[in-house]
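Have a look at coords-v8.cif below; it lists mmCIF, C-alpha atoms.
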```
data_target
loop_
_atom_site.label_atom_id
_atom_site.label_comp_id
_atom_site.auth_asym_id
_atom_site.auth_seq_id
_atom_site.Cartn_x
_atom_site.Cartn_y
_atom_site.Cartn_z
CA MET A 13 -53.32 46.98 91.34
CA ALA A 14 -52.80 44.23 93.92
CA VAL A 15 -54.20 40.83 93.19
CA ASP A 16 -57.19 39.95 95.36
CA LEU A 17 -56.35 36.57 96.86
CA ASN A 18 -59.95 36.23 97.99
CA ALA A 19 -61.31 36.54 94.45
CA PRO A 20 -63.13 33.33 93.58
CA VAL A 21 -61.35 30.96 91.23
CA LEU A 22 -63.27 28.40 89.18
CA VAL A 23 -61.44 25.15 88.43
CA VAL A 24 -63.01 23.11 85.61
CA ASP A 25 -61.95 19.50 85.15
CA ASP A 26 -63.74 16.18 84.76
CA TYR A 27 -61.17 14.41 86.97
CA GLN A 28 -61.77 15.01 90.65
CA THR A 29 -58.13 14.20 91.35
CA MET A 30 -56.94 17.02 89.11
CA ILE A 31 -59.36 19.45 90.73
CA ARG A 32 -58.00 18.38 94.11
CA ILE A 33 -54.41 18.92 92.93
CA ILE A 34 -55.13 22.38 91.51
CA ARG A 35 -57.12 23.31 94.61
CA ASN A 36 -54.12 22.37 96.79
CA LEU A 37 -51.70 24.27 94.55
CA LEU A 38 -53.94 27.34 94.66
CA LYS A 39 -54.07 27.02 98.44
CA GLN A 40 -50.26 27.03 98.49
CA LEU A 41 -50.34 30.20 96.41
CA GLY A 42 -52.75 31.85 98.83
CA PHE A 43 -56.02 31.38 96.92
CA ASN A 44 -58.54 29.70 99.19
CA ASN A 45 -61.79 30.75 97.51
CA VAL A 46 -62.01 27.96 94.94
CA ASP A 47 -65.09 26.54 93.23
CA GLU A 48 -65.16 23.57 90.89
CA ALA A 49 -67.09 22.29 87.88
CA ALA A 50 -66.91 18.96 86.06
CA ASP A 51 -67.31 20.28 82.50
CA GLY A 52 -67.83 23.41 80.42
CA ALA A 53 -71.62 23.44 80.74
CA ALA A 54 -71.51 23.20 84.54
CA ALA A 55 -68.84 25.92 84.58
CA LEU A 56 -70.93 28.21 82.41
CA ASP A 57 -73.88 27.79 84.77
CA LYS A 58 -71.68 28.74 87.74
CA MET A 59 -70.17 31.70 85.90
CA ARG A 60 -73.65 33.05 85.18
CA MET A 61 -74.47 32.83 88.88
CA LYS A 62 -71.23 34.27 90.25
CA LYS A 63 -68.44 36.56 89.10
CA TYR A 64 -65.06 34.78 89.06
CA GLY A 65 -61.64 36.40 89.19
CA LEU A 66 -60.08 33.54 87.23
CA VAL A 67 -61.11 30.38 85.39
CA ILE A 68 -58.65 27.48 85.17
CA SER A 69 -60.04 24.93 82.74
CA ASP A 70 -59.14 21.57 81.26
CA TRP A 71 -59.79 21.13 77.51
CA ASN A 72 -61.07 17.57 77.04
CA MET A 73 -64.39 17.20 78.88
CA GLU A 74 -67.91 16.08 78.08
CA PRO A 75 -70.51 17.22 77.26
CA MET A 76 -68.92 20.67 76.82
CA THR A 77 -65.17 20.95 76.29
CA GLY A 78 -62.97 23.66 77.76
CA TYR A 79 -62.49 25.03 74.24
CA GLU A 80 -66.25 25.38 73.81
CA LEU A 81 -66.47 26.97 77.26
CA LEU A 82 -63.78 29.48 76.30
CA ARG A 83 -65.65 30.46 73.12
CA GLU A 84 -68.94 30.74 75.03
CA VAL A 85 -67.30 32.95 77.65
CA ARG A 86 -65.68 35.22 75.09
CA ALA A 87 -68.96 35.49 73.17
CA ASP A 88 -70.85 36.58 76.29
CA GLU A 89 -70.64 40.33 76.93
CA VAL A 90 -70.86 39.89 80.72
CA LEU A 91 -68.42 36.98 81.05
CA LYS A 92 -66.04 38.18 78.33
CA PRO A 93 -63.50 39.94 80.61
CA THR A 94 -62.98 36.89 82.88
CA PRO A 95 -59.32 35.80 82.89
CA PHE A 96 -59.08 32.28 81.48
CA ILE A 97 -56.17 29.85 81.71
CA MET A 98 -56.26 26.51 79.90
CA VAL A 99 -54.56 23.60 81.69
CA THR A 100 -54.52 20.58 79.43
CA ALA A 101 -52.72 17.56 78.01
CA GLU A 102 -53.63 18.81 74.53
CA SER A 103 -50.25 20.14 73.49
CA LYS A 104 -50.38 20.21 69.71
CA THR A 105 -49.63 23.50 68.03
CA GLU A 106 -53.10 23.70 66.50
CA ASN A 107 -54.70 23.46 69.94
CA VAL A 108 -52.64 26.31 71.34
CA ILE A 109 -53.27 28.49 68.30
CA ALA A 110 -57.01 27.75 68.41
CA ALA A 111 -57.17 28.62 72.11
CA LYS A 112 -55.15 31.78 71.54
CA LYS A 113 -57.48 32.84 68.73
CA ALA A 114 -60.49 32.08 70.94
CA GLY A 115 -59.11 34.48 73.54
CA VAL A 116 -57.40 32.36 76.19
CA ASN A 117 -55.10 34.36 78.48
CA ASN A 118 -52.55 31.63 79.02
CA TYR A 119 -51.96 27.94 78.40
CA ILE A 120 -50.33 25.28 80.57
CA VAL A 121 -49.53 21.76 79.40
CA LYS A 122 -49.99 18.88 81.82
CA PRO A 123 -48.12 17.74 83.79
CA PHE A 124 -47.20 21.00 85.45
CA ASN A 125 -45.92 22.24 88.81
CA VAL A 126 -46.81 25.03 91.19
CA GLN A 127 -44.11 27.32 89.77
CA THR A 128 -45.58 27.03 86.27
CA LEU A 129 -49.09 27.67 87.57
CA LYS A 130 -47.93 30.68 89.56
CA SER A 131 -46.00 32.21 86.66
CA LYS A 132 -49.03 31.93 84.34
CA MET A 133 -51.33 33.36 86.99
CA VAL A 134 -48.91 36.25 87.51
CA SER A 135 -48.83 36.92 83.77
CA VAL A 136 -52.64 37.04 83.71
CA LEU A 137 -53.50 38.64 87.06
CA GLY A 138 -50.35 40.52 87.96
CA ASP A 139 -47.77 39.85 90.65
CA PHE A 140 -48.87 38.39 93.99
CA MET B 26 -87.28 -30.01 34.08
CA PRO B 27 -83.68 -29.77 32.74
CA SER B 28 -83.20 -27.52 29.72
CA SER B 29 -81.76 -30.38 27.64
CA GLU B 30 -84.97 -32.37 28.12
CA VAL B 31 -87.09 -29.36 27.10
CA ALA B 32 -85.00 -28.94 23.94
CA SER B 33 -85.35 -32.63 23.13
CA ARG B 34 -89.11 -32.49 23.47
CA VAL B 35 -89.32 -29.38 21.25
CA ARG B 36 -87.19 -31.12 18.62
CA LYS B 37 -89.40 -34.22 18.62
CA THR B 38 -92.51 -32.06 18.24
CA LEU B 39 -90.99 -30.20 15.30
CA SER B 40 -89.95 -33.45 13.68
CA ALA B 41 -93.47 -34.83 14.01
CA LEU B 42 -94.88 -31.65 12.48
CA LYS B 43 -92.47 -31.92 9.52
CA GLN B 44 -93.45 -35.51 8.83
CA ALA B 45 -97.08 -34.42 8.60
CA ASP B 46 -97.79 -33.69 4.97
CA LEU B 47 -98.26 -29.97 5.35
CA ARG B 48 -98.28 -27.97 2.12
CA ASP B 49 -98.20 -24.45 3.51
CA PRO B 50 -94.64 -23.11 2.75
CA ARG B 51 -94.80 -20.46 5.50
CA LEU B 52 -95.44 -23.13 8.12
CA GLY B 53 -92.46 -25.11 6.80
CA GLU B 54 -90.22 -22.02 7.17
CA VAL B 55 -91.46 -21.41 10.68
CA LEU B 56 -90.81 -25.05 11.58
CA SER B 57 -87.34 -24.87 10.06
CA LEU B 58 -86.53 -21.75 12.06
CA ALA B 59 -87.93 -23.28 15.21
CA SER B 60 -85.77 -26.37 14.64
CA GLN B 61 -82.64 -24.25 14.24
CA MET B 62 -83.53 -22.22 17.29
CA SER B 63 -84.09 -25.35 19.31
CA GLU B 64 -80.66 -26.69 18.45
CA ALA B 65 -79.06 -23.35 19.27
CA MET B 66 -80.92 -23.16 22.59
CA GLN B 67 -79.86 -26.67 23.50
CA ALA B 68 -76.20 -25.68 23.14
CA PHE B 69 -76.86 -22.46 25.05
CA PHE B 70 -78.67 -24.13 27.92
CA GLY B 71 -76.02 -26.83 28.06
CA SER B 72 -73.22 -24.28 28.45
CA LEU B 73 -75.34 -22.31 30.89
CA ASP B 74 -75.75 -25.38 33.07
CA THR B 75 -72.00 -25.94 33.20
CA THR B 76 -71.18 -22.27 33.86
CA LEU B 77 -73.79 -21.99 36.57
CA HIS B 78 -72.57 -25.17 38.16
CA ASP B 79 -68.98 -23.94 38.16
CA GLU B 80 -69.99 -20.55 39.55
CA LEU B 81 -72.10 -22.09 42.29
CA ARG B 82 -69.31 -24.47 43.21
CA TYR B 83 -66.84 -21.54 43.36
CA ILE B 84 -69.20 -19.53 45.57
CA SER B 85 -69.78 -22.54 47.79
CA ASN B 86 -66.03 -23.07 48.20
CA TYR B 87 -65.51 -19.37 48.91
CA ILE B 88 -68.19 -19.42 51.60
CA LYS B 89 -66.61 -22.52 53.14
CA GLN B 90 -63.17 -20.86 53.13
CA THR B 91 -64.61 -17.67 54.64
CA ARG B 92 -66.32 -19.67 57.37
CA THR B 93 -63.04 -21.43 58.10
CA GLU B 94 -61.14 -18.16 58.30
CA ILE B 95 -63.79 -16.56 60.51
CA SER B 96 -63.69 -19.65 62.69
CA ASN B 97 -59.89 -19.28 62.92
CA LEU B 98 -60.46 -15.72 64.11
CA ARG B 99 -62.34 -17.27 67.05
CA PRO B 100 -64.71 -14.27 67.26
CA ASN B 101 -66.71 -15.77 70.12
CA ASP B 102 -63.54 -16.16 72.15
CA LEU B 103 -62.59 -12.54 71.38
CA SER B 104 -65.97 -10.97 72.10
CA GLY B 105 -66.95 -13.28 74.95
CA ASP B 106 -63.68 -13.60 76.81
CA GLN B 107 -60.58 -11.76 75.68
CA ILE B 108 -62.00 -8.28 74.99
CA PRO B 109 -64.17 -8.20 78.16
CA SER B 110 -61.15 -9.38 80.18
CA ALA B 111 -59.01 -6.62 78.71
CA GLY B 112 -61.74 -4.09 79.52
CA ALA B 113 -61.96 -5.36 83.10
CA GLU B 114 -58.18 -5.08 83.46
CA LEU B 115 -58.27 -1.46 82.27
CA HIS B 116 -61.12 -0.62 84.65
CA ALA B 117 -59.05 -2.14 87.45
CA VAL B 118 -56.07 -0.01 86.43
CA VAL B 119 -58.20 3.16 86.54
CA LYS B 120 -59.60 2.24 89.95
CA HIS B 121 -56.21 1.24 91.38
CA THR B 122 -54.63 4.45 90.13
CA ALA B 123 -57.43 6.62 91.51
CA ASP B 124 -57.35 4.81 94.87
CA ALA B 125 -53.59 5.21 95.16
CA THR B 126 -53.75 8.88 94.16
CA ASN B 127 -56.40 9.55 96.78
CA VAL B 128 -54.33 7.84 99.50
CA ILE B 129 -51.21 9.81 98.52
CA MET B 130 -53.06 13.12 98.31
CA ALA B 131 -54.85 12.56 101.59
CA ALA B 132 -51.52 11.81 103.29
CA ALA B 133 -49.92 14.90 101.76
CA GLU B 134 -52.85 17.08 102.78
CA GLU B 135 -52.64 15.79 106.36
CA VAL B 136 -48.92 16.56 106.51
CA MET B 137 -49.46 20.04 105.09
CA GLY B 138 -52.26 20.76 107.51
CA ALA B 139 -50.57 19.30 110.60
CA ASP B 140 -49.59 21.36 113.62
CA PRO B 141 -45.77 21.29 113.93
CA SER B 142 -45.65 22.82 117.40
CA ASP B 143 -45.13 19.41 119.03
CA ALA B 144 -41.99 18.28 117.18
CA GLN B 145 -42.12 14.67 118.42
CA ALA B 146 -45.78 14.13 117.48
CA TYR B 147 -45.27 15.95 114.18
CA HIS B 148 -42.29 13.74 113.29
CA GLU B 149 -44.23 10.55 114.10
CA MET B 150 -47.22 11.69 112.07
CA VAL B 151 -45.07 12.65 109.06
CA SER B 152 -43.23 9.29 109.18
CA LEU B 153 -46.55 7.43 109.32
CA LYS B 154 -47.93 9.39 106.34
CA MET B 155 -44.75 8.83 104.35
CA MET B 156 -45.14 5.08 104.87
CA GLU B 157 -48.72 5.30 103.64
CA ILE B 158 -47.46 7.07 100.52
CA PHE B 159 -44.84 4.37 99.90
CA GLU B 160 -47.46 1.64 100.32
CA ALA B 161 -49.84 3.35 97.94
CA CYS B 162 -47.08 3.56 95.32
CA THR B 163 -47.07 -0.25 95.03
CA PHE B 164 -50.00 0.22 92.64
CA GLN B 165 -47.46 0.90 89.92
CA ASP B 166 -46.22 -2.71 89.82
CA ILE B 167 -49.74 -4.16 89.70
CA THR B 168 -51.03 -1.75 87.08
CA GLY B 169 -47.95 -2.48 84.98
CA GLN B 170 -48.79 -6.19 85.00
CA ARG B 171 -52.45 -5.53 84.18
CA ILE B 172 -51.55 -3.28 81.27
CA ARG B 173 -49.13 -5.93 79.97
CA LYS B 174 -52.07 -8.38 79.81
CA VAL B 175 -54.14 -5.87 77.84
CA VAL B 176 -51.28 -5.25 75.44
CA ASP B 177 -50.90 -9.03 74.93
CA THR B 178 -54.62 -9.29 74.11
CA LEU B 179 -54.41 -6.43 71.61
CA GLU B 180 -51.39 -7.99 69.93
CA HIS B 181 -53.23 -11.31 69.73
CA ILE B 182 -56.26 -9.67 68.07
CA GLU B 183 -54.04 -7.69 65.74
CA GLY B 184 -52.31 -10.90 64.61
CA ARG B 185 -55.59 -12.71 63.88
CA LEU B 186 -57.05 -9.76 61.99
CA GLU B 187 -53.90 -9.34 59.93
CA ARG B 188 -54.02 -13.00 58.89
CA PHE B 189 -57.75 -12.80 58.09
CA ALA B 190 -57.31 -9.66 55.99
CA ALA B 191 -54.40 -11.23 54.11
CA VAL B 192 -56.16 -14.54 53.37
CA MET B 193 -59.47 -12.94 52.37
CA GLY B 194 -57.85 -10.11 50.43
CA VAL B 195 -59.73 -7.54 52.48
CA GLU B 196 -59.24 -3.90 51.55
CA ASP B 197 -60.18 -1.04 53.83
CA ALA B 198 -63.42 0.73 52.98
CA ALA B 199 -63.41 4.51 52.84
CA ALA B 200 -63.59 5.98 56.34
CA VAL B 201 -66.95 7.45 57.31
CA GLU B 202 -66.91 10.24 59.88
CA THR B 203 -69.10 9.40 62.85
CA GLU B 204 -70.72 11.94 65.18
CA ALA B 205 -67.97 11.25 67.73
CA ASP B 206 -65.30 11.77 65.06
CA ARG B 207 -66.89 15.04 64.02
CA ARG B 208 -66.95 16.26 67.61
CA LYS B 209 -63.30 15.33 68.07
CA ARG B 210 -62.35 17.17 64.90
CA GLU B 211 -64.32 20.31 65.73
CA ASN B 212 -63.01 20.41 69.28
CA ILE B 213 -59.44 19.55 68.25
CA LEU B 214 -59.32 16.63 70.66
CA HIS B 215 -56.16 14.57 70.42
CA GLY B 216 -55.76 13.47 74.03
CA PRO B 217 -52.44 13.22 75.79
CA ALA B 218 -49.39 12.77 73.63
CA LEU B 219 -47.39 9.58 73.91
CA ASN B 220 -44.71 11.37 75.88
CA GLY B 221 -46.52 10.55 79.12
CA PRO B 222 -46.91 12.50 82.34
CA GLU B 223 -43.99 10.94 84.16
CA THR B 224 -41.24 12.69 82.23
CA ALA B 225 -40.73 16.29 81.20
CA GLN B 226 -41.78 17.13 77.63
CA GLU B 227 -38.28 18.29 76.75
CA THR B 228 -36.72 15.02 77.93
CA ILE B 229 -39.10 12.86 75.89
CA ASP B 230 -38.64 15.00 72.78
CA ALA B 231 -34.88 14.55 73.08
CA MET B 232 -35.19 10.79 73.62
CA PHE B 233 -37.50 10.05 70.72
CA GLY B 234 -36.81 12.96 68.41
CA ASP B 235 -40.39 12.94 67.17
CA GLY B 236 -41.84 15.76 69.20
CA ALA B 237 -41.76 18.39 66.49
CA ASP B 238 -45.56 18.60 66.50
CA GLN B 239 -45.75 18.93 70.27
CA LEU B 240 -45.04 22.06 72.23
CA SER B 241 -42.96 22.34 75.37
CA GLN B 242 -43.91 24.85 78.02
CA ASP B 243 -41.12 27.10 76.70
CA ASP B 244 -42.69 27.02 73.22
CA LEU B 245 -46.05 27.93 74.71
CA ASP B 246 -44.48 30.76 76.70
CA ALA B 247 -43.02 32.14 73.47
CA LEU B 248 -46.49 32.19 71.88
CA PHE B 249 -47.83 34.33 74.71
CA ALA B 250 -44.79 36.64 75.00
#
```
Encoded form using structure tokens:
Amino acid sequence: MAVDLNAPVLVVDDYQTMIRIIRNLLKQLGFNNVDEAADGAAALDKMRMKKYGLVISDWNMEPMTGYELLREVRADEVLKPTPFIMVTAESKTENVIAAKKAGVNNYIVKPFNVQTLKSKMVSVLGDF
Amino acid sequence: MPSSEVASRVRKTLSALKQADLRDPRLGEVLSLASQMSEAMQAFFGSLDTTLHDELRYISNYIKQTRTEISNLRPNDLSGDQIPSAGAELHAVVKHTADATNVIMAAAEEVMGADPSDAQAYHEMVSLKMMEIFEACTFQDITGQRIRKVVDTLEHIEGRLERFAAVMGVEDAAAVETEADRRKRENILHGPALNGPETAQETIDAMFGDGADQLSQDDLDALFA
């Protein structure tokens, strides 16, 4: 099935600069329908209001981390199927394993480039 | 009243009682015992006086030495000047970096969104935006100098604390987990690794050889294969 480039993408990061970077990269990849949230709690609120085709989340945020957001999403029967990619500077093995166990679909370490983002999105959403 | 004076007065009283012509043998025994006890107490109180005096003098000297060492730490200078200055420098670094990033990103966005149909105008606009990017990149020199000042302050504090701990024989107390520590542990928060965002993970691992606990993107890819 073809990837819907108009499907809304939620970018979650507490640094506005990083949101701006990801938004621009997504634009380059053809995704223009992008929403943003500054932490896990704000993201969860948005996800309960709107169905997203993909969540791209940082890990280290307050008051709710991306890891907590991931666990909340996977514990919610409605939100559970939402594709979730973690984009973070947390690159220790235990972080990746914990995210994998919590149900993350893919994991990108910062810094990253558009090719890395695209390849992870393709692995999660399919080719586009 | 000093203990030696008390003992002396007790002894005089006992002596006076003995000289009285008392015939009751039990009273004589009691007086004899009291006399012996008085002599023993005098020796005890005498030694106690000396010990207490020595102890108090030791404590007094220790307090004086501690005050001197704390004074050498110059805590008012640290808390009132050096640490706030270091904090202000770091805030300036954050602001400078954010400002520069915004200028660079705005320039890049303008170039990406520009209409290239007029080649001459497009070329002039791109050249202008590239100059803005170069100018914004000068933040790196200034932030480097600011961070050097913060590092100097930290090294200064580290030196003073090391000396204080050595002189006072300070040993670390057992660590107590705070609420923030607990949250970090439960959320597996380590923050960015020391390999920095400017260089690829693989390059830093090769340079320092201590990246065994960090994962490159290739390692992560393997986990999701």
field: Target residues per the PyMOL selection byres ((chain A) within 6 of (chain B)), formatted as an MDAnalysis selection string
entry: chainID A and resid 101:104 123
- Message: With the PyMOL selection byres ((chain A and resi 69-72) around 7) as the selection, what would be picked from this file? Answer as a VMD selection string, please.
- Response: (chain A and resid 23 to 25 67 to 68 73 77 to 79 97 to 100) or (chain B and resid 214)
How about saving the chosen residues, C-alpha atoms kept, as an mmCIF file, keeping the file's coordinate frame?
```cif
data_model
loop_
_atom_site.group_PDB
_atom_site.id
_atom_site.type_symbol
_atom_site.label_atom_id
_atom_site.label_comp_id
_atom_site.auth_asym_id
_atom_site.auth_seq_id
_atom_site.Cartn_x
_atom_site.Cartn_y
_atom_site.Cartn_z
ATOM 1 C CA VAL A 23 -61.440 25.150 88.430
ATOM 2 C CA VAL A 24 -63.010 23.110 85.610
ATOM 3 C CA ASP A 25 -61.950 19.500 85.150
ATOM 4 C CA VAL A 67 -61.110 30.380 85.390
ATOM 5 C CA ILE A 68 -58.650 27.480 85.170
ATOM 6 C CA MET A 73 -64.390 17.200 78.880
ATOM 7 C CA THR A 77 -65.170 20.950 76.290
ATOM 8 C CA GLY A 78 -62.970 23.660 77.760
ATOM 9 C CA TYR A 79 -62.490 25.030 74.240
ATOM 10 C CA ILE A 97 -56.170 29.850 81.710
ATOM 11 C CA MET A 98 -56.260 26.510 79.900
ATOM 12 C CA VAL A 99 -54.560 23.600 81.690
ATOM 13 C CA THR A 100 -54.520 20.580 79.430
ATOM 14 C CA LEU B 214 -59.320 16.630 70.660
#
```
Using only C-alpha atoms, the residue out of A:Tyr27, A:Thr105, A:Glu89, A:Gly138 with shortest distance to Arg60 of chain A is A:Glu89
For the PyMOL selection byres ((chain A and resi 135) around 12), applied here, can you spell out every residue it catches as a PyMOL selection string? (chain A and resi 15+95-97+117-119+128-134+136-140) or (chain B and resi 246+249-250)
re atom CA of Thr94 of chain A and atom CA of Val116 of chain A: distance 9.8 Å
Nearest residue to Pro93 of chain A out of A:Glu106, A:Lys63, A:Lys122, A:Ala111, using all atoms listed in the file?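 When distances to Pro93 of chain A are compared using all atoms listed in the file, the smallest one comes from A:Lys63.
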- Item | Pick from A:Met59, A:Leu17, A:Ile120, A:Met30, whichever lies nearest to Leu81 of chain A using all atoms listed in the file |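 Of all the options, A:Met59 lies closest to Leu81 of chain A.
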### Task
Tell me, in Å to one decimal, how far atom CA of Ile95 of chain B is from atom CA of Phe189 of chain B.
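Between these atoms lies a distance of 7.5 Å.
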